[in-house]
>>> print(open('model-v6.cif').read())   # mmCIF, C-alpha atoms
data_entry
loop_
_atom_site.label_atom_id
_atom_site.label_comp_id
_atom_site.auth_asym_id
_atom_site.auth_seq_id
_atom_site.Cartn_x
_atom_site.Cartn_y
_atom_site.Cartn_z
CA MET A 478 -13.69 -18.89 0.24
CA GLU A 479 -14.31 -18.42 3.91
CA ASN A 480 -15.84 -15.29 5.40
CA GLN A 481 -13.24 -14.73 8.09
CA TYR A 482 -9.45 -14.94 8.23
CA SER A 483 -6.90 -14.20 10.93
CA TYR A 484 -3.39 -12.73 10.59
CA SER A 485 -1.01 -12.53 13.53
CA THR A 486 2.17 -10.59 14.18
CA GLU A 487 4.42 -10.26 17.19
CA VAL A 488 6.83 -7.50 18.11
CA GLU A 489 9.62 -7.83 20.65
CA TRP A 490 11.31 -4.73 22.03
CA THR A 491 15.08 -4.69 21.41
CA GLY A 492 16.03 -1.42 23.10
CA GLU A 493 15.48 2.31 22.75
CA ARG A 494 12.49 2.63 20.33
CA GLY A 495 13.24 -0.48 18.28
CA GLY A 496 11.96 -4.00 18.01
CA ASP A 497 11.80 -7.16 15.94
CA LEU A 498 8.53 -7.71 14.08
CA SER A 499 7.67 -11.28 13.20
CA ALA A 500 4.85 -13.40 11.87
CA PRO A 501 4.58 -17.14 11.31
CA ASP A 502 6.40 -18.28 8.16
CA LEU A 503 7.56 -14.74 7.27
CA PRO A 504 10.96 -13.06 7.50
CA ASN A 505 11.47 -10.85 10.54
CA LEU A 506 11.63 -7.08 10.15
CA GLU A 507 13.57 -4.68 12.30
CA VAL A 508 11.22 -1.84 13.27
CA ASP A 509 11.83 1.47 14.98
CA ALA A 510 10.33 4.89 15.42
CA PRO A 511 11.19 7.34 12.65
CA PRO A 512 14.21 9.59 13.28
CA GLU A 513 11.91 12.57 13.89
CA PHE A 514 10.47 10.61 16.84
CA LYS A 515 13.84 9.52 18.30
CA GLY A 516 14.22 6.45 16.10
CA HIS A 517 17.00 5.46 13.74
CA GLU A 518 17.57 5.91 10.01
CA GLY A 519 17.32 2.89 7.71
CA VAL A 520 14.74 0.93 9.70
CA TRP A 521 11.11 0.16 8.86
CA THR A 522 8.72 2.30 10.92
CA PRO A 523 5.01 1.91 11.67
CA GLU A 524 4.45 4.88 9.36
CA HIS A 525 6.26 3.15 6.48
CA LEU A 526 4.43 -0.10 7.18
CA PHE A 527 1.08 1.73 7.18
CA VAL A 528 1.74 3.25 3.75
CA ALA A 529 3.23 -0.04 2.52
CA ALA A 530 0.09 -1.91 3.60
CA VAL A 531 -2.09 0.41 1.51
CA ASN A 532 0.29 0.23 -1.46
CA SER A 533 0.78 -3.53 -1.48
CA CYS A 534 -2.95 -4.14 -0.96
CA PHE A 535 -3.72 -1.85 -3.91
CA MET A 536 -1.26 -3.82 -6.06
CA THR A 537 -2.64 -7.26 -5.18
CA THR A 538 -6.23 -6.03 -5.63
CA PHE A 539 -5.33 -4.56 -9.03
CA LEU A 540 -3.63 -7.80 -10.09
CA ALA A 541 -6.70 -9.86 -9.17
CA ILE A 542 -9.11 -7.53 -10.97
CA ALA A 543 -6.83 -7.23 -14.02
CA GLU A 544 -6.59 -11.02 -14.23
CA ASN A 545 -10.36 -11.45 -13.95
CA SER A 546 -10.84 -8.69 -16.55
CA LYS A 547 -8.23 -10.25 -18.86
CA LEU A 548 -6.35 -6.95 -19.08
CA GLU A 549 -3.05 -7.48 -20.89
CA PHE A 550 -0.24 -5.42 -19.40
CA VAL A 551 3.54 -5.38 -19.51
CA SER A 552 4.40 -3.86 -16.14
CA PHE A 553 2.93 -2.37 -12.99
CA SER A 554 4.52 -0.37 -10.20
CA ALA A 555 3.12 2.07 -7.66
CA ASP A 556 4.62 4.79 -5.51
CA ALA A 557 2.74 5.67 -2.34
CA LYS A 558 3.19 8.64 -0.05
CA GLY A 559 1.52 9.01 3.33
CA MET A 560 0.99 12.35 5.05
CA LEU A 561 1.36 12.34 8.84
CA GLU A 562 -0.12 15.43 10.47
CA LYS A 563 -0.70 16.56 14.02
CA LEU A 564 -4.35 17.51 14.33
CA GLU A 565 -5.76 19.51 17.21
CA GLY A 566 -7.41 17.25 19.77
CA GLN A 567 -6.42 14.09 17.89
CA GLY A 568 -2.62 13.94 17.91
CA PHE A 569 -0.69 12.56 14.95
CA ILE A 570 -2.82 10.95 12.24
CA MET A 571 -2.09 9.67 8.76
CA THR A 572 -4.40 12.06 6.96
CA GLU A 573 -3.81 10.91 3.40
CA VAL A 574 -2.15 8.27 1.28
CA VAL A 575 -1.53 9.14 -2.36
CA LEU A 576 -1.09 6.17 -4.70
CA ARG A 577 0.71 6.78 -7.99
CA PRO A 578 0.48 3.58 -10.03
CA LYS A 579 2.34 3.29 -13.32
CA LEU A 580 0.79 0.77 -15.64
CA LEU A 581 2.21 -0.20 -19.01
CA ILE A 582 -0.54 -1.88 -21.03
CA SER A 583 -0.15 -4.00 -24.15
CA HIS A 584 -2.80 -2.36 -26.34
CA ALA A 585 -3.79 1.29 -26.81
CA ARG A 586 -7.45 0.23 -27.02
CA ASP A 587 -7.33 -0.68 -23.29
CA VAL A 588 -6.33 2.75 -21.93
CA GLU A 589 -9.81 3.69 -20.64
CA ARG A 590 -10.55 0.19 -19.38
CA ALA A 591 -7.19 0.10 -17.57
CA GLY A 592 -8.09 3.35 -15.83
CA ARG A 593 -11.42 1.90 -14.72
CA ILE A 594 -9.69 -1.23 -13.41
CA LEU A 595 -7.22 0.91 -11.40
CA GLN A 596 -10.15 2.87 -9.94
CA LYS A 597 -11.96 -0.36 -9.08
CA ALA A 598 -8.82 -1.69 -7.37
CA GLU A 599 -8.53 1.44 -5.21
CA LYS A 600 -12.20 1.21 -4.23
CA ASN A 601 -11.94 -2.51 -3.38
CA CYS A 602 -8.60 -2.56 -1.52
CA LEU A 603 -9.42 -4.05 1.87
CA ILE A 604 -6.73 -2.03 3.67
CA SER A 605 -7.95 1.30 2.25
CA ASN A 606 -11.48 0.28 3.18
CA SER A 607 -10.38 -0.58 6.72
CA ILE A 608 -8.71 2.73 7.62
CA LYS A 609 -10.06 6.22 8.08
CA THR A 610 -7.22 7.87 6.16
CA GLU A 611 -8.29 9.25 2.79
CA THR A 612 -6.68 7.35 -0.06
CA ARG A 613 -6.29 9.13 -3.41
CA LEU A 614 -5.31 7.54 -6.69
CA GLU A 615 -3.09 9.33 -9.24
CA PRO A 616 -2.50 6.73 -11.98
CA GLU A 617 -0.21 6.85 -15.01
CA VAL A 618 -1.18 4.45 -17.80
CA SER A 619 0.88 3.99 -20.98
CA PHE A 620 1.18 1.29 -23.64
CA ALA A 621 4.14 -0.54 -25.07
CA GLY A 622 2.95 -0.33 -28.68
CA GLU A 623 1.40 -2.85 -30.98
#
>>> encode(input="model-v6.cif", output="structure tokens")
Amino acid sequence: MENQYSYSTEVEWTGERGGDLSAPDLPNLEVDAPPEFKGHEGVWTPEHLFVAAVNSCFMTTFLAIAENSKLEFVSFSADAKGMLEKLEGQGFIMTEVVLRPKLLISHARDVERAGRILQKAEKNCLISNSIKTETRLEPEVSFAGE
């Protein structure tokens, strides 16, 4: 593995508060401001992308750690909710992202270990570690039965 990687995106304004977001070899996304900031409904916003970056990074970090730990699981999903607040002297800031992973494990004996792996994933997510927003984890672990 190398010690440095680069990821590029480009956005092109399309009118009003909207634009087309692109990156090499990826599908384009229509982006806009949220409706509360004069944007349109049904379009990805920077706020959604911010929360999505934390959520998807948490998932991929979990999957890597679970694989290395040989954790057997049936399914994984995670809801994420970001809180945008206007703070005095700072303007609008994402003050918190709450991650609510739902993990269905294969064996009851792995419940505690699965919880530790989820915690480790949250602590090692590069996006969470790169932002100043507090990220909290609220996991739900269950098992399918033996």
>>> residues_around(input="model-v6.cif", residues="Gly519 of chain A", least_positions_apart="2", cutoff="10 Å", atoms="all atoms listed in the file", output="PyMOL selection string")
chain A and resi 507-509+511-512+516-517+521-522
>>> closest_residue(input="model-v6.cif", among="A:Val520, A:Ser619, A:Trp490, A:Met536", to="Phe550 of chain A", atoms="all atoms listed in the file")
A:Ser619
>>> resolve_selection(input="model-v6.cif", expression="the PyMOL selection byres ((chain A and resi 489) around 12)", output="JSON, numbers by chain")
{"A": [486, 487, 488, 490, 491, 492, 493, 494, 495, 496, 497, 498, 499, 500, 505, 506, 507, 508, 509]}
>>> closest_residue(input="model-v6.cif", among="A:Phe553, A:Phe535, A:Phe569, A:Phe620", to="Lys597 of chain A", atoms="only C-alpha atoms")
A:Phe535
>>> closest_residue(input="model-v6.cif", among="A:Ala557, A:Val574, A:Ile594, A:Ile582", to="Arg613 of chain A", atoms="all atoms listed in the file")
A:Val574
>>> resolve_selection(input="model-v6.cif", expression="the PyMOL selection byres ((chain A and resi 621) around 12)", output="PyMOL selection string")
chain A and resi 549-552+580-588+618-620+622-623
>>> atom_distance(input="model-v6.cif", atom1="atom CA of Ala530 of chain A", atom2="atom CA of Lys609 of chain A")
13.8 Å
>>> atom_distance(input="model-v6.cif", atom1="atom CA of Glu617 of chain A", atom2="atom CA of Val528 of chain A")
19.2 Å
>>> resolve_selection(input="model-v6.cif", expression="the PyMOL selection byres ((chain A and resi 612) around 10)", output="list in words")
Val531, Ala557, Lys558, Gly559, Thr572, Glu573, Val574, Val575, Leu576, Glu599, Lys600, Ser605, Asn606, Ile608, Lys609, Thr610, Glu611, Arg613 and Leu614 of chain A
>>> atom_distance(input="model-v6.cif", atom1="atom CA of Ser483 of chain A", atom2="atom CA of Cys534 of chain A")
16.1 Å
>>> residues_around(input="model-v6.cif", residues="Pro578 of chain A", least_positions_apart="6", cutoff="7 Å", atoms="only C-alpha atoms", output="PDB file with C-alpha atoms, keeping the file's coordinate frame")
ATOM      1  CA  SER A 554       4.520  -0.370 -10.200  1.00  0.00           C
ATOM      2  CA  ALA A 555       3.120   2.070  -7.660  1.00  0.00           C
ATOM      3  CA  ASP A 556       4.620   4.790  -5.510  1.00  0.00           C
ATOM      4  CA  GLU A 615      -3.090   9.330  -9.240  1.00  0.00           C
ATOM      5  CA  PRO A 616      -2.500   6.730 -11.980  1.00  0.00           C
ATOM      6  CA  GLU A 617      -0.210   6.850 -15.010  1.00  0.00           C
TER       7      GLU A 617
END
>>> closest_residue(input="model-v6.cif", among="A:Ala591, A:Phe527, A:Tyr482, A:Ser533", to="Ile570 of chain A", atoms="all atoms listed in the file")
A:Phe527
>>> closest_residue(input="model-v6.cif", among="A:Lys547, A:His525, A:Lys515, A:Arg590", to="Met571 of chain A", atoms="only C-alpha atoms")
A:His525
>>> residues_near_point(input="model-v6.cif", point="(-5.8, -3.1, -11.0)", cutoff="6 Å", atoms="all atoms listed in the file", output="CSV table (one decimal) with C-alpha atoms, in the frame of the given file")
chain,number,residue,atom,x,y,z
A,539,PHE,CA,-5.3,-4.6,-9.0
A,540,LEU,CA,-3.6,-7.8,-10.1
A,542,ILE,CA,-9.1,-7.5,-11.0
A,543,ALA,CA,-6.8,-7.2,-14.0
A,594,ILE,CA,-9.7,-1.2,-13.4
A,595,LEU,CA,-7.2,0.9,-11.4
A,598,ALA,CA,-8.8,-1.7,-7.4
>>> closest_residue(input="model-v6.cif", among="A:Asn601, A:Arg577, A:Asn480, A:Ser607", to="Asn532 of chain A", atoms="all atoms listed in the file")
A:Arg577
>>> build_atoms(input="model-v6.cif", residues="segment 585-616 of chain A", atoms="N, CA and C atoms", output="compact mmCIF listing (two decimals), keeping the file's coordinate frame")
# COMPACT_ATOMS: atom_id res chain seq x y z
N ALA A 585 -3.26 -0.07 -26.97
CA ALA A 585 -3.79 1.29 -26.81
C ALA A 585 -5.30 1.27 -26.58
N ARG A 586 -5.99 0.30 -27.16
CA ARG A 586 -7.45 0.23 -27.02
C ARG A 586 -7.90 0.04 -25.57
N ASP A 587 -6.98 -0.39 -24.69
CA ASP A 587 -7.33 -0.68 -23.29
C ASP A 587 -7.07 0.47 -22.33
N VAL A 588 -6.69 1.64 -22.83
CA VAL A 588 -6.33 2.75 -21.93
C VAL A 588 -7.47 3.11 -20.98
N GLU A 589 -8.67 3.32 -21.50
CA GLU A 589 -9.81 3.69 -20.64
C GLU A 589 -10.18 2.56 -19.70
N ARG A 590 -10.21 1.34 -20.21
CA ARG A 590 -10.55 0.19 -19.38
C ARG A 590 -9.52 0.00 -18.27
N ALA A 591 -8.24 0.20 -18.59
CA ALA A 591 -7.19 0.10 -17.57
C ALA A 591 -7.41 1.12 -16.46
N GLY A 592 -7.78 2.33 -16.83
CA GLY A 592 -8.09 3.35 -15.83
C GLY A 592 -9.24 2.95 -14.93
N ARG A 593 -10.28 2.36 -15.52
CA ARG A 593 -11.42 1.90 -14.72
C ARG A 593 -11.02 0.77 -13.78
N ILE A 594 -10.15 -0.11 -14.24
CA ILE A 594 -9.69 -1.23 -13.41
C ILE A 594 -8.85 -0.70 -12.25
N LEU A 595 -7.99 0.30 -12.50
CA LEU A 595 -7.22 0.91 -11.40
C LEU A 595 -8.16 1.55 -10.39
N GLN A 596 -9.18 2.26 -10.85
CA GLN A 596 -10.15 2.87 -9.94
C GLN A 596 -10.87 1.81 -9.12
N LYS A 597 -11.26 0.73 -9.77
CA LYS A 597 -11.96 -0.36 -9.08
C LYS A 597 -11.05 -0.99 -8.02
N ALA A 598 -9.77 -1.13 -8.34
CA ALA A 598 -8.82 -1.69 -7.37
C ALA A 598 -8.70 -0.80 -6.14
N GLU A 599 -8.63 0.51 -6.35
CA GLU A 599 -8.53 1.44 -5.21
C GLU A 599 -9.78 1.36 -4.35
N LYS A 600 -10.94 1.26 -4.98
CA LYS A 600 -12.20 1.21 -4.23
C LYS A 600 -12.40 -0.11 -3.49
N ASN A 601 -11.74 -1.19 -3.96
CA ASN A 601 -11.94 -2.51 -3.38
C ASN A 601 -10.77 -3.00 -2.53
N CYS A 602 -9.75 -2.17 -2.35
CA CYS A 602 -8.60 -2.56 -1.52
C CYS A 602 -9.06 -2.67 -0.06
N LEU A 603 -8.92 -3.84 0.52
CA LEU A 603 -9.42 -4.05 1.87
C LEU A 603 -8.71 -3.19 2.91
N ILE A 604 -7.44 -2.88 2.71
CA ILE A 604 -6.73 -2.03 3.67
C ILE A 604 -7.26 -0.61 3.60
N SER A 605 -7.39 -0.05 2.39
CA SER A 605 -7.95 1.30 2.25
C SER A 605 -9.35 1.36 2.85
N ASN A 606 -10.12 0.31 2.66
CA ASN A 606 -11.48 0.28 3.18
C ASN A 606 -11.53 0.08 4.69
N SER A 607 -10.42 -0.30 5.29
CA SER A 607 -10.38 -0.58 6.72
C SER A 607 -9.82 0.56 7.55
N ILE A 608 -9.32 1.60 6.90
CA ILE A 608 -8.71 2.73 7.62
C ILE A 608 -9.53 3.99 7.39
N LYS A 609 -9.33 4.97 8.25
CA LYS A 609 -10.06 6.22 8.08
C LYS A 609 -9.28 7.27 7.29
N THR A 610 -8.03 6.97 6.97
CA THR A 610 -7.22 7.87 6.16
C THR A 610 -7.78 7.92 4.74
N GLU A 611 -7.88 9.11 4.18
CA GLU A 611 -8.29 9.25 2.79
C GLU A 611 -7.20 8.67 1.89
N THR A 612 -7.61 7.89 0.91
CA THR A 612 -6.68 7.35 -0.06
C THR A 612 -7.05 7.91 -1.43
N ARG A 613 -6.08 8.57 -2.08
CA ARG A 613 -6.29 9.13 -3.41
C ARG A 613 -5.46 8.36 -4.41
N LEU A 614 -5.98 8.26 -5.62
CA LEU A 614 -5.31 7.54 -6.69
C LEU A 614 -4.89 8.54 -7.75
N GLU A 615 -3.61 8.49 -8.16
CA GLU A 615 -3.09 9.33 -9.24
C GLU A 615 -2.36 8.42 -10.24
N PRO A 616 -3.12 7.72 -11.10
CA PRO A 616 -2.50 6.73 -11.98
C PRO A 616 -1.80 7.32 -13.20
